[in-house]
file protein-v6.cif (mmCIF, C-alpha atoms and all ligand atoms)
data_coords
#
loop_
_atom_site.label_atom_id
_atom_site.label_comp_id
_atom_site.auth_asym_id
_atom_site.auth_seq_id
_atom_site.Cartn_x
_atom_site.Cartn_y
_atom_site.Cartn_z
CA MET T 1 140.86 66.80 76.24
CA LYS T 2 140.57 67.85 72.61
CA PHE T 3 143.78 67.89 70.60
CA GLU T 4 143.36 71.56 69.67
CA THR T 5 143.04 72.50 73.36
CA ILE T 6 146.23 70.62 74.19
CA LEU T 7 148.00 72.16 71.21
CA ARG T 8 147.00 75.65 72.32
CA GLY T 9 148.07 74.88 75.89
CA ILE T 10 151.60 74.05 74.77
CA PHE T 11 151.96 76.47 71.87
CA SER T 12 150.04 79.71 72.40
CA VAL T 13 149.49 80.44 68.70
CA THR T 14 149.57 77.91 65.88
CA TYR T 15 148.52 77.89 62.23
CA GLN T 16 147.81 74.97 59.97
CA GLU T 17 150.95 74.58 57.89
CA ALA T 18 149.46 75.49 54.48
CA ASP T 19 147.67 78.48 56.00
CA PHE T 20 150.88 79.61 57.68
CA VAL T 21 152.84 79.65 54.42
CA LYS T 22 149.98 81.49 52.68
CA ARG T 23 149.97 84.12 55.44
CA THR T 24 153.72 84.64 55.21
CA HIS T 25 153.38 84.89 51.44
CA SER T 26 150.67 87.54 51.54
CA ALA T 27 152.47 89.46 54.32
CA LEU T 28 155.66 89.51 52.26
CA ASN T 29 153.76 90.55 49.11
CA LYS T 30 153.24 93.87 50.91
CA PHE T 31 157.02 94.23 51.13
CA GLY T 32 157.39 93.58 47.40
CA PHE T 33 158.15 89.83 47.52
CA THR T 34 156.42 87.78 44.81
CA ALA T 35 156.82 84.26 43.40
CA ASP T 36 158.51 85.82 40.36
CA ASN T 37 161.12 87.92 42.15
CA ALA T 38 161.92 85.89 45.31
CA ILE T 39 163.41 82.50 46.16
CA GLY T 40 162.37 80.37 49.13
CA CYS T 41 165.06 78.64 51.21
CA VAL T 42 163.82 75.91 53.53
CA ASP T 43 165.45 74.26 56.54
CA VAL T 44 163.38 71.45 58.07
CA CYS T 45 164.23 67.96 59.35
CA ARG T 46 164.92 65.16 56.90
CA ASP T 47 161.87 63.27 58.26
CA GLU T 48 159.32 62.62 55.49
CA ILE T 49 156.53 64.06 57.66
CA SER T 50 158.35 67.40 57.54
CA GLN T 51 158.54 67.56 53.74
CA SER T 52 155.01 68.88 53.23
CA PHE T 53 156.49 72.25 54.12
CA PHE T 54 158.41 72.22 50.84
CA SER T 55 155.17 71.59 48.92
CA HIS T 56 153.50 74.62 50.49
CA VAL T 57 156.54 76.78 49.81
CA ARG T 58 156.60 75.50 46.22
CA ASP T 59 152.94 76.53 45.82
CA ALA T 60 153.69 80.01 47.15
CA TRP T 61 157.18 80.80 45.88
CA GLY T 62 158.23 78.05 43.45
CA GLU T 63 160.96 75.47 44.05
CA ALA T 64 162.96 76.19 47.20
CA PHE T 65 166.65 75.94 47.97
CA ASN T 66 167.13 73.07 50.42
CA LEU T 67 169.02 73.93 53.63
CA SER T 68 167.80 70.90 55.61
CA SER T 69 169.66 68.67 58.06
CA LEU T 70 168.58 66.26 60.82
CA ALA T 71 166.23 68.06 63.25
CA GLY T 72 166.28 71.12 60.99
CA MET T 73 169.69 72.10 62.43
CA PHE T 74 171.36 74.75 60.30
CA PHE T 75 174.45 72.85 59.20
CA ALA T 76 174.25 73.81 55.52
CA GLY T 77 176.35 76.85 56.43
CA ARG T 78 177.89 79.73 54.52
CA THR T 79 178.57 77.68 51.39
CA ALA T 80 174.88 76.82 51.00
CA LEU T 81 173.77 80.41 51.61
CA ILE T 82 176.26 81.77 49.10
CA ALA T 83 175.03 79.21 46.56
CA ALA T 84 171.40 80.21 47.18
CA MET T 85 172.44 83.82 46.70
CA HIS T 86 173.64 83.06 43.23
CA HIS T 87 170.25 81.56 42.36
CA ALA T 88 167.75 84.30 43.25
CA PRO T 89 165.93 86.25 40.54
CA ASP T 90 167.40 89.73 40.07
CA ALA T 91 165.34 91.10 37.18
CA ASP T 92 164.51 94.40 38.92
CA GLY T 93 168.04 94.83 40.31
CA LYS T 94 166.96 93.52 43.71
CA GLU T 95 167.32 89.99 45.10
CA ARG T 96 164.77 88.64 47.56
CA TYR T 97 165.13 85.62 49.86
CA VAL T 98 162.58 84.01 52.12
CA PHE T 99 164.20 81.78 54.76
CA TYR T 100 162.00 79.29 56.57
CA ALA T 101 163.70 77.29 59.36
CA PHE T 102 162.05 74.92 61.84
CA PRO T 103 162.80 71.98 64.09
CA HIS T 104 159.80 69.71 64.57
CA ILE T 105 157.89 67.76 67.19
CA ALA T 106 154.96 65.37 67.12
CA LEU T 107 151.92 65.71 69.34
CA GLY T 108 149.63 62.67 69.69
CA ALA T 109 145.83 62.73 69.66
CA GLU T 110 145.82 62.74 73.49
CA GLY T 111 148.57 65.34 73.60
CA GLN T 112 151.47 62.92 74.06
CA VAL T 113 154.60 64.91 73.30
CA GLY T 114 156.81 63.39 70.60
CA VAL T 115 154.31 60.72 69.55
CA CYS T 116 153.00 60.24 66.01
CA MET T 117 151.61 57.52 63.79
CA ARG T 118 153.18 56.78 60.41
CA LYS T 119 151.41 55.73 57.24
CA GLY T 120 151.47 51.97 56.80
CA ARG T 121 153.26 51.31 60.12
CA GLY T 122 151.68 49.80 63.20
CA GLY T 123 152.34 51.27 66.66
CA GLU T 124 153.57 54.63 67.77
CA SER T 125 156.53 56.44 66.28
CA SER T 126 158.42 59.50 67.50
CA ALA T 127 159.40 62.87 66.09
CA CYS T 128 161.84 64.39 66.04
CA GLY T 129 163.74 61.08 66.07
CA ALA T 130 167.14 62.80 66.08
CA LEU T 131 166.27 65.08 69.04
CA ASN T 132 164.56 62.18 70.82
CA ALA T 133 167.66 59.99 70.44
CA PHE T 134 169.88 62.78 71.82
CA GLN T 135 167.47 63.42 74.70
CA LYS T 136 167.58 59.72 75.65
CA GLU T 137 171.40 59.75 75.55
CA MET T 138 171.43 62.68 77.98
CA ALA T 139 168.85 61.05 80.26
CA GLU T 140 170.90 57.82 80.31
CA LYS T 141 174.22 59.72 80.75
CA ARG T 142 175.81 58.22 77.66
CA VAL T 143 176.47 61.26 75.45
CA THR T 144 179.59 60.94 73.29
CA LEU T 145 180.99 64.11 71.81
CA ALA T 146 183.38 62.59 69.27
CA MET T 147 182.67 63.05 65.57
CA ASP T 148 181.30 59.78 64.20
CA ASN T 149 182.09 59.76 60.48
CA GLU T 150 179.24 57.32 59.92
CA ASP T 151 176.82 59.63 61.75
CA VAL T 152 177.99 63.14 60.91
CA GLU T 153 174.81 65.18 61.30
CA GLN T 154 173.85 63.58 64.63
CA SER T 155 177.39 64.17 65.93
CA LEU T 156 177.12 67.84 64.96
CA LEU T 157 173.67 68.07 66.53
CA ARG T 158 175.03 66.83 69.88
CA MET T 159 178.03 69.18 69.76
CA ARG T 160 175.96 72.22 68.85
CA LEU T 161 173.03 71.73 71.22
CA LEU T 162 175.19 70.84 74.21
CA GLN T 163 176.67 74.34 73.99
CA GLU T 164 173.21 75.64 74.97
CA ILE T 165 172.35 73.17 77.76
CA PRO T 166 173.63 73.81 81.30
CA TYR T 167 176.02 71.07 82.45
CA GLY T 168 174.11 68.17 83.99
CA HIS T 169 170.66 69.45 83.00
CA VAL T 170 168.51 67.02 81.01
CA PRO T 171 165.81 68.85 79.04
CA ASP T 172 162.68 66.96 78.04
CA LEU T 173 161.88 66.67 74.33
CA LEU T 174 159.74 69.81 74.25
CA GLU T 175 162.41 71.94 75.95
CA LEU T 176 165.07 70.47 73.68
CA THR T 177 162.96 71.32 70.62
CA ARG T 178 162.56 74.92 71.84
CA THR T 179 166.32 75.10 72.37
CA ALA T 180 166.88 73.74 68.85
CA GLN T 181 164.58 76.44 67.44
CA LYS T 182 166.61 79.21 69.09
CA VAL T 183 169.90 77.68 67.92
CA ILE T 184 168.68 77.20 64.35
CA GLN T 185 167.52 80.81 64.17
CA ARG T 186 170.73 82.18 65.68
CA ASP T 187 173.01 80.08 63.48
CA LEU T 188 171.09 81.05 60.35
CA GLU T 189 171.15 84.75 61.27
CA ASN T 190 174.83 84.74 62.28
CA THR T 191 175.81 83.02 59.05
CA LEU T 192 173.60 85.22 56.90
CA LYS T 193 174.45 88.69 58.24
CA PRO T 194 178.12 88.91 57.18
CA ILE T 195 177.45 87.68 53.65
CA ILE T 196 174.20 89.33 52.62
CA ASN T 197 174.42 92.72 50.93
CA THR T 198 171.33 94.52 52.20
CA ALA T 199 171.77 97.33 49.66
CA GLN T 200 171.03 94.76 46.98
CA CYS T 201 169.04 92.09 48.84
CA ASP T 202 165.81 92.10 50.83
CA TYR T 203 165.14 89.01 52.90
CA ALA T 204 162.80 87.46 55.41
CA VAL T 205 163.54 85.09 58.29
CA ILE T 206 160.62 82.95 59.40
CA THR T 207 161.23 80.50 62.22
CA GLY T 208 159.23 78.52 64.72
CA ILE T 209 158.39 74.88 65.37
CA GLN T 210 156.69 72.48 62.97
CA ILE T 211 154.17 70.36 64.90
CA HIS T 212 152.75 67.07 63.64
CA GLY T 213 149.19 66.53 64.87
CA PRO T 214 147.03 63.47 64.17
CA GLU T 215 145.30 65.28 61.30
CA GLY T 216 148.13 67.33 59.85
CA ASN T 217 150.96 69.74 60.46
CA TYR T 218 150.91 73.04 62.31
CA ILE T 219 153.40 75.84 62.76
CA TRP T 220 154.10 77.75 65.95
CA PRO T 221 155.77 80.98 64.82
CA ALA T 222 158.70 82.14 66.95
CA SER T 223 160.14 84.96 64.90
CA CYS T 224 158.94 86.35 61.57
CA TYR T 225 160.56 89.44 60.13
CA ALA T 226 161.74 90.99 56.91
CA VAL T 227 164.82 93.11 56.28
CA ILE T 228 163.94 95.69 53.63
CA GLY T 229 166.64 98.07 52.47
CA GLY T 230 168.63 97.05 55.55
CA MET T 231 165.75 97.89 57.95
CA LYS T 232 164.24 95.10 60.05
CA GLN T 233 160.44 94.99 60.06
CA GLU T 234 158.20 92.52 61.87
CA ILE T 235 155.81 90.47 59.74
CA THR T 236 152.19 90.36 60.89
CA LEU T 237 150.45 87.10 59.99
CA GLN T 238 146.90 88.32 59.51
ZN ZN E 1 163.37 64.99 62.89
#
call {"tool": "encode", "arguments": {"input": "protein-v6.cif", "output": "structure tokens", "more": "lines below"}}
Ligand SMILES: [Zn+2]
result
Amino acid sequence: MKFETILRGIFSVTYQEADFVKRTHSALNKFGFTADNAIGCVDVCRDEISQSFFSHVRDAWGEAFNLSSLAGMFFAGRTALIAAMHHAPDADGKERYVFYAFPHIALGAEGQVGVCMRKGRGGESSACGALNAFQKEMAEKRVTLAMDNEDVEQSLLRMRLLQEIPYGHVPDLLELTRTAQKVIQRDLENTLKPIINTAQCDYAVITGIQIHGPEGNYIWPASCYAVIGGMKQEITLQ
């Protein structure tokens, strides 16, 4: 089966990554967001195959504030958001933030979930490695919930995601990635709402899943909206 057919079978709607960022940019232009008056804030995994997202955001909005952690989990927290909020342009008396937040997953040429090839390396690799490692721990019943000071982000990932997984259930990598997406969005929103002054700030939250195909990255959008003057409005990616 063709890769695109498999991709569409798993994720109903996807966009090539560069195209996705362009679409969000032009949709937000209509709400008054421009490269000159807005700042991008990006939360993706630390994996190098995720970093292309920053390049596309840089092309559209300029350099972005980095909110990333392993698996794209939102661990940067209130301190990072407050810092970003002291960095946005405010020339017209309004601050504008564009938050992009995604976990990621690889999809092989034959549709193998979690499988990717890496430049200069023989054999198959996996993504997201952090989610894959946690999934294997659950499958092998060897999850440890203690904080490991030599593995802080992965410890936090286990603690946070286990709150969302019914006791004894072992999700596969795709289900775990979908769970991570919901958690990342919720944690970002819950952290953002009490600290953002919507009388002074407009913002957009754009979340989904970053997918690594054999020929490049795609985005499945889960939730894309803007909050303008305190009013939530859906973004249409035409
Ligand atoms: Zn990852």
call {"tool": "residues_around", "arguments": {"input": "protein-v6.cif", "residues": "stretch 157-166 of chain T", "least_positions_apart": "5", "cutoff": "10 Å", "atoms": "all atoms listed in the file", "output": "number ranges by chain"}}
result
T: 69-75, 130-131, 134-135, 137-138, 143-147, 152, 171, 176, 179-180, 182-184, 187
call {"tool": "closest_residue", "arguments": {"input": "protein-v6.cif", "among": "T:Phe102, T:Tyr167, T:Phe54, T:Trp61", "to": "ligand ZN 1 (chain E)", "atoms": "only C-alpha atoms and all ligand atoms"}}
result
T:Phe102
call {"tool": "axis_aligned_box", "arguments": {"input": "protein-v6.cif", "around": "stretch 173-179 of chain T", "padding_each_side": "3 Å", "output": "JSON"}}
result
{"center_x": 163.0, "center_y": 70.9, "center_z": 73.3, "size_x": 12.6, "size_y": 14.4, "size_z": 11.3}
call {"tool": "residues_around", "arguments": {"input": "protein-v6.cif", "residues": "stretch 189-194 of chain T", "least_positions_apart": "4", "cutoff": "9 Å", "atoms": "all atoms listed in the file", "output": "JSON, numbers by chain"}}
result
{"T": [77, 78, 81, 82, 184, 185, 198, 205]}
call {"tool": "residues_near_point", "arguments": {"input": "protein-v6.cif", "point": "(159.5, 87.4, 40.0)", "cutoff": "12 Å", "atoms": "all atoms listed in the file", "output": "list in words"}}
result
Asn29, Gly32, Phe33, Thr34, Ala35, Asp36, Asn37, Ala38, Ile39, Gly40, Ala60, Trp61, Gly62, Ala88, Pro89, Asp90, Ala91, Asp92, Gly93, Lys94, Glu95, Arg96 and Tyr97 of chain T
call {"tool": "atom_distance", "arguments": {"input": "protein-v6.cif", "atom1": "atom CA of T:Gln16", "atom2": "atom CA of T:Ile206"}}
result
15.1 Å
call {"tool": "atom_distance", "arguments": {"input": "protein-v6.cif", "atom1": "atom CA of T:Phe53", "atom2": "atom CA of T:Gly213"}}
result
14.2 Å
call {"tool": "closest_residue", "arguments": {"input": "protein-v6.cif", "among": "T:Ala64, T:Val57, T:Leu107, T:Ile211", "to": "T:Lys22", "atoms": "all atoms listed in the file"}}
result
T:Val57
call {"tool": "residues_near_ligand", "arguments": {"input": "protein-v6.cif", "ligand": "ligand ZN 1 (chain E)", "cutoff": "12 Å", "atoms": "only C-alpha atoms and all ligand atoms", "output": "VMD selection string"}}
result
chain T and resid 43 to 51 68 to 73 102 to 106 114 116 125 to 134 153 to 154 157 173 177 180 209 to 212
call {"tool": "atom_distance", "arguments": {"input": "protein-v6.cif", "atom1": "atom CA of T:Ala139", "atom2": "atom CA of T:Val113"}}
result
16.3 Å
call {"tool": "closest_residue", "arguments": {"input": "protein-v6.cif", "among": "T:His87, T:Phe3, T:Glu124, T:Thr207", "to": "T:Ile219", "atoms": "only C-alpha atoms"}}
result
T:Thr207
call {"tool": "closest_residue", "arguments": {"input": "protein-v6.cif", "among": "T:Asn66, T:Leu174, T:Ser155, T:Lys136", "to": "T:Val115", "atoms": "only C-alpha atoms"}}
result
T:Leu174
call {"tool": "closest_residue", "arguments": {"input": "protein-v6.cif", "among": "T:Phe65, T:Tyr203, T:Tyr15, T:Trp220", "to": "T:Phe31", "atoms": "only C-alpha atoms"}}
result
T:Tyr203
call {"tool": "residues_around", "arguments": {"input": "protein-v6.cif", "residues": "T:Ala204", "least_positions_apart": "5", "cutoff": "6 Å", "atoms": "all atoms listed in the file", "output": "list of chain:residue names"}}
result
T:Val98, T:Phe99, T:Tyr225, T:Ala226
call {"tool": "residues_near_point", "arguments": {"input": "protein-v6.cif", "point": "(144.4, 72.3, 69.9)", "cutoff": "12 Å", "atoms": "all atoms listed in the file", "output": "ChimeraX atom specification"}}
result
/T:1-16,107-111,211-218,220
call {"tool": "residues_around", "arguments": {"input": "protein-v6.cif", "residues": "stretch 230-237 of chain T", "least_positions_apart": "6", "cutoff": "7 Å", "atoms": "all atoms listed in the file", "output": "PyMOL selection string"}}
result
chain T and resi 23-24+27+198-199+224
call {"tool": "write_last_selection", "arguments": {"input": "protein-v6.cif", "atoms": "C-alpha atoms", "output": "CSV table (one decimal), keeping the file's coordinate frame"}}
result
chain,number,residue,atom,x,y,z
T,23,ARG,CA,150.0,84.1,55.4
T,24,THR,CA,153.7,84.6,55.2
T,27,ALA,CA,152.5,89.5,54.3
T,198,THR,CA,171.3,94.5,52.2
T,199,ALA,CA,171.8,97.3,49.7
T,224,CYS,CA,158.9,86.4,61.6
